[in-house]
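Pasting upload24.txt here (compact mmCIF, C-alpha atoms (C1' of nucleotides)):
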# COMPACT_ATOMS: atom_id res chain seq x y z
CA MET A 10 -20.94 13.50 156.54
CA LYS A 11 -24.59 13.19 157.34
CA GLU A 12 -26.97 14.73 154.86
CA GLU A 13 -28.86 16.75 157.47
CA PHE A 14 -25.67 18.64 158.31
CA LEU A 15 -24.90 19.76 154.77
CA LEU A 16 -25.13 23.53 154.56
CA ASP A 17 -26.89 23.25 151.23
CA ASN A 18 -29.72 21.29 152.83
CA GLN A 19 -30.43 23.90 155.49
CA LEU A 20 -33.63 25.90 155.26
CA CYS A 21 -32.56 28.15 158.11
CA PHE A 22 -29.29 29.12 156.47
CA ARG A 23 -31.14 30.11 153.30
CA LEU A 24 -33.61 32.24 155.23
CA TYR A 25 -30.82 33.76 157.28
CA THR A 26 -28.81 34.63 154.19
CA ALA A 27 -31.73 35.86 152.12
CA SER A 28 -32.88 38.03 155.02
CA ARG A 29 -29.45 39.57 155.56
CA LEU A 30 -28.79 40.24 151.88
CA LEU A 31 -32.22 41.72 151.31
CA THR A 32 -31.70 43.97 154.33
CA GLN A 33 -28.40 45.04 152.79
CA ALA A 34 -30.30 46.01 149.66
CA TYR A 35 -32.43 48.35 151.80
CA ASN A 36 -29.47 49.86 153.58
CA PRO A 37 -28.15 52.48 151.15
CA LEU A 38 -31.70 53.66 150.48
CA LEU A 39 -32.54 53.96 154.16
CA SER A 40 -29.23 55.26 155.49
CA ALA A 41 -29.57 58.18 153.07
CA HIS A 42 -32.35 59.26 155.43
CA GLY A 43 -30.55 58.23 158.63
CA LEU A 44 -32.61 55.06 159.03
CA THR A 45 -31.82 51.41 159.69
CA TYR A 46 -33.97 48.53 158.48
CA PRO A 47 -35.54 47.75 161.88
CA GLN A 48 -36.32 51.44 162.27
CA TYR A 49 -37.98 51.34 158.86
CA LEU A 50 -40.14 48.44 160.10
CA VAL A 51 -41.24 50.56 163.07
CA LEU A 52 -42.19 53.31 160.63
CA LEU A 53 -44.24 50.86 158.55
CA VAL A 54 -46.12 49.89 161.72
CA LEU A 55 -46.72 53.52 162.76
CA TRP A 56 -47.72 54.63 159.27
CA GLU A 57 -50.46 52.01 159.43
CA ASN A 58 -51.53 53.02 162.95
CA ASP A 59 -50.00 55.98 164.66
CA ALA A 60 -49.62 56.33 168.45
CA GLN A 61 -49.03 52.76 169.61
CA PRO A 62 -47.51 51.47 172.84
CA VAL A 63 -44.12 49.80 172.65
CA ASN A 64 -45.70 46.45 173.36
CA ASP A 65 -48.02 46.57 170.34
CA ILE A 66 -45.17 47.55 168.04
CA ALA A 67 -43.05 44.72 169.40
CA LYS A 68 -45.86 42.18 168.98
CA ARG A 69 -46.50 43.30 165.42
CA LEU A 70 -42.82 42.89 164.54
CA CYS A 71 -42.41 39.67 166.58
CA LEU A 72 -39.67 41.38 168.58
CA GLU A 73 -39.10 41.69 172.31
CA THR A 74 -39.83 45.01 173.97
CA ASN A 75 -36.22 45.18 175.12
CA THR A 76 -35.27 45.37 171.45
CA VAL A 77 -37.91 47.93 170.53
CA THR A 78 -37.39 50.26 173.49
CA PRO A 79 -33.82 51.37 172.66
CA LEU A 80 -34.71 51.36 168.95
CA VAL A 81 -37.51 53.91 169.37
CA GLN A 82 -35.36 55.85 171.83
CA ARG A 83 -32.84 56.34 169.03
CA MET A 84 -35.66 57.34 166.67
CA GLU A 85 -36.87 59.83 169.27
CA LYS A 86 -33.39 61.33 169.43
CA GLN A 87 -33.55 61.78 165.65
CA GLY A 88 -36.88 63.57 165.91
CA ILE A 89 -38.78 60.88 163.98
CA VAL A 90 -41.10 59.85 166.82
CA THR A 91 -42.15 61.09 170.24
CA ARG A 92 -42.67 58.98 173.35
CA ALA A 93 -45.30 59.81 175.96
CA LYS A 94 -46.73 57.93 178.94
CA GLY A 95 -50.16 56.46 178.31
CA THR A 96 -53.10 58.27 179.91
CA ASN A 97 -55.19 55.16 180.56
CA ASP A 98 -52.28 52.99 181.62
CA ALA A 99 -49.28 54.87 183.01
CA ARG A 100 -47.01 51.89 182.37
CA GLN A 101 -47.42 52.15 178.63
CA MET A 102 -45.12 54.29 176.52
CA ILE A 103 -47.02 55.55 173.49
CA VAL A 104 -44.88 56.04 170.40
CA SER A 105 -46.16 58.60 167.90
CA LEU A 106 -44.89 59.95 164.60
CA THR A 107 -43.61 63.51 164.40
CA ASP A 108 -44.14 65.59 161.28
CA LYS A 109 -40.70 64.49 160.19
CA GLY A 110 -41.74 60.87 160.71
CA GLN A 111 -44.88 61.38 158.65
CA GLN A 112 -42.97 63.08 155.86
CA LEU A 113 -40.48 60.23 155.61
CA GLN A 114 -43.21 58.19 153.97
CA THR A 115 -43.12 60.54 151.00
CA ALA A 116 -39.33 60.67 150.98
CA LEU A 117 -39.17 56.86 150.92
CA THR A 118 -41.78 56.29 148.21
CA ASP A 119 -39.27 54.76 145.85
CA VAL A 120 -37.77 52.31 148.35
CA PRO A 121 -40.17 49.39 147.80
CA PHE A 122 -39.69 49.62 144.04
CA ALA A 123 -35.92 49.91 144.24
CA VAL A 124 -35.69 46.89 146.52
CA GLY A 125 -38.14 45.01 144.35
CA GLY A 126 -35.76 45.59 141.47
CA ALA A 127 -32.80 44.27 143.45
CA VAL A 128 -34.50 40.93 144.24
CA ALA A 129 -36.23 40.51 140.92
CA CYS A 130 -35.46 37.03 139.58
CA LYS A 131 -37.16 34.41 137.55
CA SER A 132 -38.34 32.52 140.63
CA LEU A 133 -40.28 35.54 141.86
CA THR A 134 -43.31 36.10 139.67
CA PRO A 135 -46.88 37.24 140.34
CA GLU A 136 -47.78 33.54 140.23
CA THR A 137 -45.14 32.27 142.67
CA VAL A 138 -45.06 35.07 145.24
CA PRO A 139 -48.44 34.31 146.87
CA ALA A 140 -47.37 30.70 147.50
CA LEU A 141 -44.06 31.89 148.92
CA PHE A 142 -45.85 34.32 151.24
CA GLN A 143 -48.22 31.55 152.30
CA THR A 144 -45.37 29.19 153.08
CA LEU A 145 -43.46 31.78 155.09
CA ASP A 146 -46.59 32.85 156.98
CA ASP A 147 -47.38 29.24 157.73
CA MET A 148 -43.86 28.61 159.01
CA ILE A 149 -43.91 31.76 161.11
CA ALA A 150 -47.25 30.82 162.68
CA GLN A 151 -46.00 27.33 163.44
CA LEU A 152 -42.77 28.58 164.98
CA LYS A 153 -44.60 31.13 167.11
CA LYS A 154 -46.84 28.40 168.47
CA ASN A 155 -43.97 26.03 169.22
CA LEU A 156 -41.71 28.68 170.73
CA LYS A 157 -44.49 29.93 172.97
CA ARG A 158 -45.13 26.40 174.21
CA ASP A 159 -41.71 26.19 175.88
CA THR A 160 -42.29 29.35 177.95
CA MET B 6 -51.69 54.21 152.96
CA LYS B 7 -49.87 52.93 149.93
CA GLU B 8 -50.02 49.21 149.36
CA GLU B 9 -46.25 48.83 149.02
CA PHE B 10 -45.81 50.06 152.58
CA LEU B 11 -48.16 47.57 154.20
CA LEU B 12 -46.18 45.28 156.48
CA ASP B 13 -48.20 42.32 155.26
CA ASN B 14 -46.98 42.90 151.71
CA GLN B 15 -43.30 42.85 152.64
CA LEU B 16 -41.20 39.92 151.54
CA CYS B 17 -38.24 41.12 153.56
CA PHE B 18 -40.19 41.30 156.81
CA ARG B 19 -41.36 37.72 156.34
CA LEU B 20 -37.82 36.50 155.68
CA TYR B 21 -36.49 38.52 158.60
CA THR B 22 -39.13 37.12 160.96
CA ALA B 23 -38.93 33.54 159.73
CA SER B 24 -35.16 33.64 160.02
CA ARG B 25 -35.21 35.01 163.57
CA LEU B 26 -37.86 32.61 164.82
CA LEU B 27 -36.20 29.61 163.23
CA THR B 28 -32.92 30.64 164.84
CA GLN B 29 -34.74 30.84 168.15
CA ALA B 30 -35.87 27.26 167.62
CA TYR B 31 -32.20 26.25 167.35
CA ASN B 32 -31.15 28.19 170.42
CA PRO B 33 -32.08 25.92 173.33
CA LEU B 34 -30.62 22.94 171.47
CA LEU B 35 -27.35 24.74 170.72
CA SER B 36 -26.90 26.69 173.95
CA ALA B 37 -27.04 23.38 175.79
CA HIS B 38 -23.63 22.83 174.18
CA GLY B 39 -22.46 26.43 174.60
CA LEU B 40 -23.07 27.27 170.94
CA THR B 41 -24.83 30.07 169.11
CA TYR B 42 -26.49 29.68 165.73
CA PRO B 43 -23.75 31.46 163.73
CA GLN B 44 -21.17 29.31 165.51
CA TYR B 45 -23.19 26.25 164.48
CA LEU B 46 -22.99 27.45 160.89
CA VAL B 47 -19.20 27.65 161.17
CA LEU B 48 -19.21 24.08 162.46
CA LEU B 49 -21.32 22.95 159.49
CA VAL B 50 -18.73 24.50 157.17
CA LEU B 51 -15.79 22.92 158.99
CA TRP B 52 -17.44 19.52 159.25
CA GLU B 53 -17.70 19.55 155.47
CA ASN B 54 -14.11 20.72 155.02
CA ASP B 55 -11.79 21.07 157.96
CA ALA B 56 -8.91 23.55 158.15
CA GLN B 57 -10.15 26.53 156.16
CA PRO B 58 -8.97 30.14 156.19
CA VAL B 59 -11.29 32.75 157.68
CA ASN B 60 -11.97 34.15 154.25
CA ASP B 61 -13.31 30.87 152.84
CA ILE B 62 -15.59 30.39 155.83
CA ALA B 63 -16.88 33.94 155.47
CA LYS B 64 -17.50 33.52 151.74
CA ARG B 65 -19.36 30.26 152.27
CA LEU B 66 -21.62 31.88 154.86
CA CYS B 67 -21.95 35.16 152.91
CA LEU B 68 -20.55 37.02 155.90
CA GLU B 69 -17.80 39.59 156.21
CA THR B 70 -14.50 38.49 157.69
CA ASN B 71 -14.89 41.09 160.43
CA THR B 72 -17.92 39.10 161.57
CA VAL B 73 -16.24 35.72 161.32
CA THR B 74 -12.95 36.67 162.97
CA PRO B 75 -14.32 37.45 166.45
CA LEU B 76 -16.78 34.58 166.09
CA VAL B 77 -14.07 31.97 165.62
CA GLN B 78 -11.97 33.68 168.29
CA ARG B 79 -14.77 32.94 170.74
CA MET B 80 -14.95 29.37 169.46
CA GLU B 81 -11.21 29.06 169.97
CA LYS B 82 -11.60 30.24 173.55
CA GLN B 83 -14.14 27.44 174.05
CA GLY B 84 -11.73 24.85 172.67
CA ILE B 85 -13.91 24.03 169.66
CA VAL B 86 -11.45 25.18 167.01
CA THR B 87 -7.80 26.17 166.73
CA ARG B 88 -6.41 29.05 164.69
CA ALA B 89 -3.01 28.89 163.03
CA LYS B 90 -1.21 31.02 160.48
CA GLY B 91 -1.17 29.55 157.01
CA THR B 92 2.11 28.00 155.84
CA ASN B 93 1.75 28.96 152.18
CA ASP B 94 0.31 32.39 152.86
CA ALA B 95 1.23 33.89 156.22
CA ARG B 96 -1.68 36.32 156.01
CA GLN B 97 -4.24 33.56 156.21
CA MET B 98 -5.56 32.30 159.52
CA ILE B 99 -6.49 28.65 159.17
CA VAL B 100 -9.37 27.52 161.37
CA SER B 101 -9.41 23.84 162.28
CA LEU B 102 -11.64 21.64 164.41
CA THR B 103 -10.36 20.29 167.70
CA ASP B 104 -11.41 16.85 168.93
CA LYS B 105 -14.12 18.60 170.90
CA GLY B 106 -15.27 20.32 167.72
CA GLN B 107 -15.37 17.01 165.87
CA GLN B 108 -17.29 15.31 168.65
CA LEU B 109 -19.92 18.02 168.69
CA GLN B 110 -21.23 16.59 165.45
CA THR B 111 -22.25 13.44 167.30
CA ALA B 112 -23.61 15.39 170.24
CA LEU B 113 -25.77 17.49 167.90
CA THR B 114 -27.13 14.63 165.79
CA ASP B 115 -30.70 15.27 166.89
CA VAL B 116 -30.67 19.02 166.21
CA PRO B 117 -31.76 18.94 162.54
CA PHE B 118 -34.65 16.62 163.38
CA ALA B 119 -35.76 18.63 166.39
CA VAL B 120 -35.75 21.85 164.41
CA GLY B 121 -37.48 20.13 161.52
CA GLY B 122 -40.22 19.24 163.92
CA ALA B 123 -40.55 22.81 165.15
CA VAL B 124 -41.11 24.21 161.63
CA ALA B 125 -43.19 21.34 160.32
CA CYS B 126 -46.35 22.77 158.77
CA LYS B 127 -48.66 21.93 155.94
CA SER B 128 -46.91 24.33 153.55
CA LEU B 129 -43.63 22.45 153.94
CA THR B 130 -43.85 19.11 152.19
CA PRO B 131 -41.41 17.01 150.18
CA GLU B 132 -43.15 18.46 147.11
CA THR B 133 -42.95 22.14 148.07
CA VAL B 134 -39.54 22.33 149.74
CA PRO B 135 -37.46 21.99 146.55
CA ALA B 136 -39.33 24.91 144.97
CA LEU B 137 -38.85 26.97 148.11
CA PHE B 138 -35.12 26.21 148.13
CA GLN B 139 -34.92 27.10 144.44
CA THR B 140 -36.66 30.43 145.00
CA LEU B 141 -34.47 31.35 147.95
CA ASP B 142 -31.29 30.32 146.13
CA ASP B 143 -32.37 32.32 143.12
CA MET B 144 -33.06 35.39 145.26
CA ILE B 145 -29.76 35.04 147.08
CA ALA B 146 -27.83 34.76 143.81
CA GLN B 147 -29.61 37.81 142.41
CA LEU B 148 -28.98 39.88 145.55
CA LYS B 149 -25.32 38.91 145.63
CA LYS B 150 -24.92 40.06 142.07
CA ASN B 151 -26.71 43.36 142.61
CA LEU B 152 -24.99 44.12 145.91
CA LYS B 153 -21.57 43.42 144.43
CA ARG B 154 -22.29 45.77 141.55
CA ASP B 155 -22.40 48.80 143.89
CA THR B 156 -18.95 48.11 145.34
C1' DT C 21 -57.82 47.69 202.61
C1' DA C 22 -53.49 45.11 202.46
C1' DC C 23 -51.00 41.68 199.85
C1' DT C 24 -49.75 39.02 195.81
C1' DT C 25 -49.37 38.50 190.98
C1' DT C 26 -49.24 40.10 186.52
C1' DT C 27 -48.08 43.41 183.04
C1' DG C 28 -45.42 47.15 180.46
C1' DT C 29 -40.97 49.30 180.06
C1' DA C 30 -36.48 49.81 180.88
C1' DT C 31 -31.55 48.50 181.93
C1' DC C 32 -27.58 45.41 181.53
C1' DG C 33 -24.56 42.21 179.27
C1' DC C 34 -23.14 39.53 175.40
C1' DG C 35 -22.92 37.90 170.73
C1' DA C 36 -23.65 38.91 166.23
C1' DA C 37 -23.50 42.00 161.74
C1' DC C 38 -21.30 45.43 159.28
C1' DG C 39 -19.06 49.97 157.76
C1' DA C 40 -14.67 52.14 158.36
C1' DT C 41 -10.08 51.74 159.25
C1' DA C 42 -5.42 49.64 160.22
C1' DT C 43 -1.63 46.42 159.37
C1' DA C 44 1.18 42.94 157.51
C1' DA C 45 1.99 39.83 153.77
C1' DA C 46 1.75 38.78 149.00
C1' DT C 47 1.57 40.34 144.26
C1' DA C 48 2.14 43.55 140.44
C1' DA C 49 4.37 47.34 138.18
C1' DC C 50 8.23 49.84 137.05
C1' DG D 3 14.89 45.34 143.25
C1' DT D 4 12.21 49.02 144.85
C1' DT D 5 7.71 50.88 144.97
C1' DA D 6 2.71 50.58 144.51
C1' DT D 7 -1.32 47.84 144.85
C1' DT D 8 -4.01 44.23 146.30
C1' DT D 9 -5.32 40.76 149.66
C1' DA D 10 -6.22 38.45 154.33
C1' DT D 11 -7.13 39.51 159.00
C1' DA D 12 -7.97 42.22 162.71
C1' DT D 13 -9.74 46.25 165.49
C1' DC D 14 -13.18 49.80 166.52
C1' DG D 15 -17.73 51.83 166.88
C1' DT D 16 -22.75 51.50 166.34
C1' DT D 17 -27.04 49.07 166.06
C1' DC D 18 -29.63 45.11 166.57
C1' DG D 19 -31.59 40.88 169.16
C1' DC D 20 -32.42 38.66 173.19
C1' DG D 21 -31.95 36.43 177.94
C1' DA D 22 -31.89 38.03 182.63
C1' DT D 23 -33.18 41.28 185.74
C1' DA D 24 -35.36 45.47 187.91
C1' DC D 25 -39.19 48.38 188.90
C1' DA D 26 -43.46 50.69 188.93
C1' DA D 27 -48.29 50.50 187.71
C1' DA D 28 -52.31 47.75 187.23
C1' DA D 29 -55.11 43.79 188.28
C1' DG D 30 -56.42 40.11 191.13
C1' DT D 31 -57.09 38.09 195.83
C1' DA D 32 -57.80 37.51 200.72

Encoded form using structure tokens:
Amino acid sequence: MKEEFLLDNQLCFRLYTASRLLTQAYNPLLSAHGLTYPQYLVLLVLWENDAQPVNDIAKRLCLETNTVTPLVQRMEKQGIVTRAKGTNDARQMIVSLTDKGQQLQTALTDVPFAVGGAVACKSLTPETVPALFQTLDDMIAQLKKNLKRDT
Amino acid sequence: MKEEFLLDNQLCFRLYTASRLLTQAYNPLLSAHGLTYPQYLVLLVLWENDAQPVNDIAKRLCLETNTVTPLVQRMEKQGIVTRAKGTNDARQMIVSLTDKGQQLQTALTDVPFAVGGAVACKSLTPETVPALFQTLDDMIAQLKKNLKRDT
DNA sequence: TACTTTTGTATCGCGAACGATATAAATAAC
DNA sequence: GTTATTTATATCGTTCGCGATACAAAAGTA
């Protein structure tokens, strides 16, 4: 068995697992408000800057628009956001928070802390986290560059 | 805007994005052989230990059996694995590699190197990778424990 | 102005991922 | 030994995630 094929040597499997399990930690907290994790990410984006076209949301989340479109359509159905054609560019679909969408920020105040508690471990300290963020950001930037190249 | 809600402060979003982009780096290499990334993970597990029940594969990959079952059914349809009822325990469904499944290991020899090249960045060095693995493993163990607690 | 190309969304199809549920086989309890 | 419980898979329904495709609006070009 070649070393490179050992599951325990795989970076991707670790990221994949950590991502899924951490998302699962969010789930009970979010589903209590009828939200999924990707929908929560859209809310984070809109709370920072309301009224954005689908394309900007997708770019910010590194997702394709054909993932974001049905996602915000479901959020619209729940009354969390509204969708309206852009006035400058009629192709754009501007996604905006409703009052309910705004208020969710207050309702979800405890979520970051609760999730923080669920991941808390000795490897995650105020000293190690910045390096971890740096590494992940570096990887993400590199992957974006290399994936774009093949297009 | 509260700091905890800033997208750039989210560990989960980084993991989620890094995981998806890294999986995308695998995709062209795997789809050339008719494989998806989760199917590749199943192959990694079976290459280490052939002839395992669905449950063991799921546990190793931290997935639910209702994810693995249809996944291996698709692999069976492609002639990569066979499925057979266990002799000791008739409830178990033992998944085994076919010759084609075995040979894929040779055909995919270059995959780990190619993907390694796609992520290569200055934050990933022989000195930093062990710490990164340790952190991710630690997080995963912690999350498993906390998620199990709520069951 | 007419024509081509690009851009922004949307639709479709398929493979995950997972909660909820169903079913048969194995185990435990009595 | 019969009944109750647990265990191993499987099925169903919903939501991603993304490649492929469609289409209209905008931008570029002749």

Go through chain B and flag each residue having an atom no more than 8 Å from chain C; for those, report the closest pair of atoms plus their distance in Å to one decimal, using all atoms listed in the file, ordered by chain and rising number, as a tab-separated table.
residue	atom	partner	partner_atom	distance
B:Pro43	CA	C:DA36	C1'	7.9
B:Glu69	CA	C:DC38	C1'	7.5
B:Asn71	CA	C:DC38	C1'	7.8
B:Thr72	CA	C:DA37	C1'	6.3
B:Asp94	CA	C:DA46	C1'	7.6
B:Ala95	CA	C:DA45	C1'	6.5
B:Arg96	CA	C:DA45	C1'	5.6

TODO: Give me the residues within 7 Å of B:Gln97 as an NGL selection string, counting only C-alpha atoms (C1' of nucleotides) and dropping any in the same chain fewer than 5 places off.
DONE: (:B and (58 or 90-91)) or (:D and (10))

Any idea which chain D residues end up within 9 Å of chain B if we count only C-alpha atoms (C1' of nucleotides), as a tab-separated table (two decimals) with C-alpha atoms (C1' of nucleotides), keeping the file's coordinate frame please?
chain	number	residue	atom	x	y	z
D	9	DT	C1'	-5.32	40.76	149.66
D	10	DA	C1'	-6.22	38.45	154.33
D	11	DT	C1'	-7.13	39.51	159.00
D	12	DA	C1'	-7.97	42.22	162.71
D	13	DT	C1'	-9.74	46.25	165.49
D	19	DG	C1'	-31.59	40.88	169.16

Using all atoms listed in the file and a cut-off of 6 Å, which residues of chain B sit close to chain A? Please list them as a short mmCIF file (atom, residue, chain, number, x, y, z; two decimals) with C-alpha atoms, in the frame of the given file.
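Here's the written file selection.cif:
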data_model
loop_
_atom_site.label_atom_id
_atom_site.label_comp_id
_atom_site.auth_asym_id
_atom_site.auth_seq_id
_atom_site.Cartn_x
_atom_site.Cartn_y
_atom_site.Cartn_z
CA LEU B 20 -37.82 36.50 155.68
CA TYR B 21 -36.49 38.52 158.60
CA ALA B 23 -38.93 33.54 159.73
CA SER B 24 -35.16 33.64 160.02
CA VAL B 124 -41.11 24.21 161.63
CA SER B 128 -46.91 24.33 153.55
CA THR B 140 -36.66 30.43 145.00
CA MET B 144 -33.06 35.39 145.26
CA ILE B 145 -29.76 35.04 147.08
CA LEU B 148 -28.98 39.88 145.55
#

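The coordinates place atom CA of B:Ala119 at 28.5 Å from atom CA of B:Ala56.
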
Would you please take stretch 40-128 of chain A of the structure in the block above and write C-alpha atoms to a file as a PDB file, in the first residue's frame?
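So part-v1.pdb came out as:
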ATOM      1  CA  SER A  40     -32.694  24.480  12.077  1.00  0.00           C
ATOM      2  CA  ALA A  41     -34.421  25.835  15.181  1.00  0.00           C
ATOM      3  CA  HIS A  42     -34.897  28.945  13.041  1.00  0.00           C
ATOM      4  CA  GLY A  43     -35.617  27.064   9.810  1.00  0.00           C
ATOM      5  CA  LEU A  44     -32.141  27.680   8.410  1.00  0.00           C
ATOM      6  CA  THR A  45     -29.469  25.512   6.821  1.00  0.00           C
ATOM      7  CA  TYR A  46     -25.750  26.232   7.043  1.00  0.00           C
ATOM      8  CA  PRO A  47     -25.382  27.542   3.463  1.00  0.00           C
ATOM      9  CA  GLN A  48     -28.388  29.779   4.069  1.00  0.00           C
ATOM     10  CA  TYR A  49     -26.667  31.057   7.202  1.00  0.00           C
ATOM     11  CA  LEU A  50     -23.623  31.917   5.069  1.00  0.00           C
ATOM     12  CA  VAL A  51     -25.845  33.951   2.741  1.00  0.00           C
ATOM     13  CA  LEU A  52     -27.177  35.793   5.786  1.00  0.00           C
ATOM     14  CA  LEU A  53     -23.626  36.554   6.959  1.00  0.00           C
ATOM     15  CA  VAL A  54     -22.910  38.052   3.539  1.00  0.00           C
ATOM     16  CA  LEU A  55     -26.110  40.137   3.511  1.00  0.00           C
ATOM     17  CA  TRP A  56     -25.696  41.301   7.100  1.00  0.00           C
ATOM     18  CA  GLU A  57     -22.349  42.740   6.046  1.00  0.00           C
ATOM     19  CA  ASN A  58     -23.780  44.323   2.886  1.00  0.00           C
ATOM     20  CA  ASP A  59     -27.460  44.241   2.159  1.00  0.00           C
ATOM     21  CA  ALA A  60     -28.976  44.245  -1.343  1.00  0.00           C
ATOM     22  CA  GLN A  61     -26.429  42.323  -3.412  1.00  0.00           C
ATOM     23  CA  PRO A  62     -26.827  40.602  -6.774  1.00  0.00           C
ATOM     24  CA  VAL A  63     -26.694  36.816  -6.841  1.00  0.00           C
ATOM     25  CA  ASN A  64     -23.333  36.932  -8.549  1.00  0.00           C
ATOM     26  CA  ASP A  65     -21.656  38.927  -5.766  1.00  0.00           C
ATOM     27  CA  ILE A  66     -23.026  36.596  -3.108  1.00  0.00           C
ATOM     28  CA  ALA A  67     -21.797  33.590  -5.066  1.00  0.00           C
ATOM     29  CA  LYS A  68     -18.331  35.093  -5.547  1.00  0.00           C
ATOM     30  CA  ARG A  69     -18.046  35.932  -1.863  1.00  0.00           C
ATOM     31  CA  LEU A  70     -18.937  32.361  -0.899  1.00  0.00           C
ATOM     32  CA  CYS A  71     -16.872  30.797  -3.722  1.00  0.00           C
ATOM     33  CA  LEU A  72     -20.027  29.103  -4.993  1.00  0.00           C
ATOM     34  CA  GLU A  73     -21.569  28.923  -8.446  1.00  0.00           C
ATOM     35  CA  THR A  74     -24.629  31.032  -9.156  1.00  0.00           C
ATOM     36  CA  ASN A  75     -26.566  27.876  -9.981  1.00  0.00           C
ATOM     37  CA  THR A  76     -26.086  26.880  -6.351  1.00  0.00           C
ATOM     38  CA  VAL A  77     -26.993  30.271  -4.926  1.00  0.00           C
ATOM     39  CA  THR A  78     -30.056  30.915  -7.083  1.00  0.00           C
ATOM     40  CA  PRO A  79     -32.232  28.066  -5.754  1.00  0.00           C
ATOM     41  CA  LEU A  80     -30.829  28.661  -2.264  1.00  0.00           C
ATOM     42  CA  VAL A  81     -32.033  32.269  -2.137  1.00  0.00           C
ATOM     43  CA  GLN A  82     -35.285  31.241  -3.814  1.00  0.00           C
ATOM     44  CA  ARG A  83     -35.952  28.986  -0.836  1.00  0.00           C
ATOM     45  CA  MET A  84     -35.015  31.825   1.521  1.00  0.00           C
ATOM     46  CA  GLU A  85     -37.421  34.093  -0.348  1.00  0.00           C
ATOM     47  CA  LYS A  86     -40.180  31.536   0.134  1.00  0.00           C
ATOM     48  CA  GLN A  87     -39.453  31.645   3.873  1.00  0.00           C
ATOM     49  CA  GLY A  88     -39.732  35.430   3.909  1.00  0.00           C
ATOM     50  CA  ILE A  89     -36.080  35.957   4.889  1.00  0.00           C
ATOM     51  CA  VAL A  90     -35.043  37.814   1.732  1.00  0.00           C
ATOM     52  CA  THR A  91     -36.643  39.473  -1.267  1.00  0.00           C
ATOM     53  CA  ARG A  92     -35.467  39.266  -4.869  1.00  0.00           C
ATOM     54  CA  ALA A  93     -35.853  42.149  -7.309  1.00  0.00           C
ATOM     55  CA  LYS A  94     -34.460  42.864 -10.772  1.00  0.00           C
ATOM     56  CA  GLY A  95     -31.618  45.359 -10.799  1.00  0.00           C
ATOM     57  CA  THR A  96     -32.449  48.863 -12.017  1.00  0.00           C
ATOM     58  CA  ASN A  97     -29.076  49.540 -13.638  1.00  0.00           C
ATOM     59  CA  ASP A  98     -28.666  46.067 -15.073  1.00  0.00           C
ATOM     60  CA  ALA A  99     -31.902  44.176 -15.687  1.00  0.00           C
ATOM     61  CA  ARG A 100     -30.054  40.858 -15.756  1.00  0.00           C
ATOM     62  CA  GLN A 101     -29.069  41.130 -12.122  1.00  0.00           C
ATOM     63  CA  MET A 102     -31.277  39.782  -9.367  1.00  0.00           C
ATOM     64  CA  ILE A 103     -30.753  41.848  -6.235  1.00  0.00           C
ATOM     65  CA  VAL A 104     -31.190  39.916  -3.000  1.00  0.00           C
ATOM     66  CA  SER A 105     -32.195  41.979   0.030  1.00  0.00           C
ATOM     67  CA  LEU A 106     -32.973  41.184   3.650  1.00  0.00           C
ATOM     68  CA  THR A 107     -36.533  41.451   4.911  1.00  0.00           C
ATOM     69  CA  ASP A 108     -37.252  42.604   8.443  1.00  0.00           C
ATOM     70  CA  LYS A 109     -37.387  38.958   9.401  1.00  0.00           C
ATOM     71  CA  GLY A 110     -33.964  38.466   7.832  1.00  0.00           C
ATOM     72  CA  GLN A 111     -32.558  41.419   9.749  1.00  0.00           C
ATOM     73  CA  GLN A 112     -34.029  40.204  13.017  1.00  0.00           C
ATOM     74  CA  LEU A 113     -32.494  36.763  12.622  1.00  0.00           C
ATOM     75  CA  GLN A 114     -29.143  38.332  13.458  1.00  0.00           C
ATOM     76  CA  THR A 115     -30.408  39.037  16.957  1.00  0.00           C
ATOM     77  CA  ALA A 116     -32.044  35.630  17.256  1.00  0.00           C
ATOM     78  CA  LEU A 117     -28.777  33.927  16.270  1.00  0.00           C
ATOM     79  CA  THR A 118     -26.473  35.924  18.537  1.00  0.00           C
ATOM     80  CA  ASP A 119     -25.492  32.877  20.535  1.00  0.00           C
ATOM     81  CA  VAL A 120     -24.674  30.656  17.559  1.00  0.00           C
ATOM     82  CA  PRO A 121     -20.997  31.627  17.120  1.00  0.00           C
ATOM     83  CA  PHE A 122     -20.346  31.066  20.819  1.00  0.00           C
ATOM     84  CA  ALA A 123     -22.186  27.759  20.950  1.00  0.00           C
ATOM     85  CA  VAL A 124     -20.284  26.451  17.938  1.00  0.00           C
ATOM     86  CA  GLY A 125     -17.049  27.802  19.341  1.00  0.00           C
ATOM     87  CA  GLY A 126     -17.717  25.695  22.412  1.00  0.00           C
ATOM     88  CA  ALA A 127     -18.318  22.581  20.339  1.00  0.00           C
ATOM     89  CA  VAL A 128     -14.948  22.815  18.542  1.00  0.00           C
TER      90      VAL A 128
END
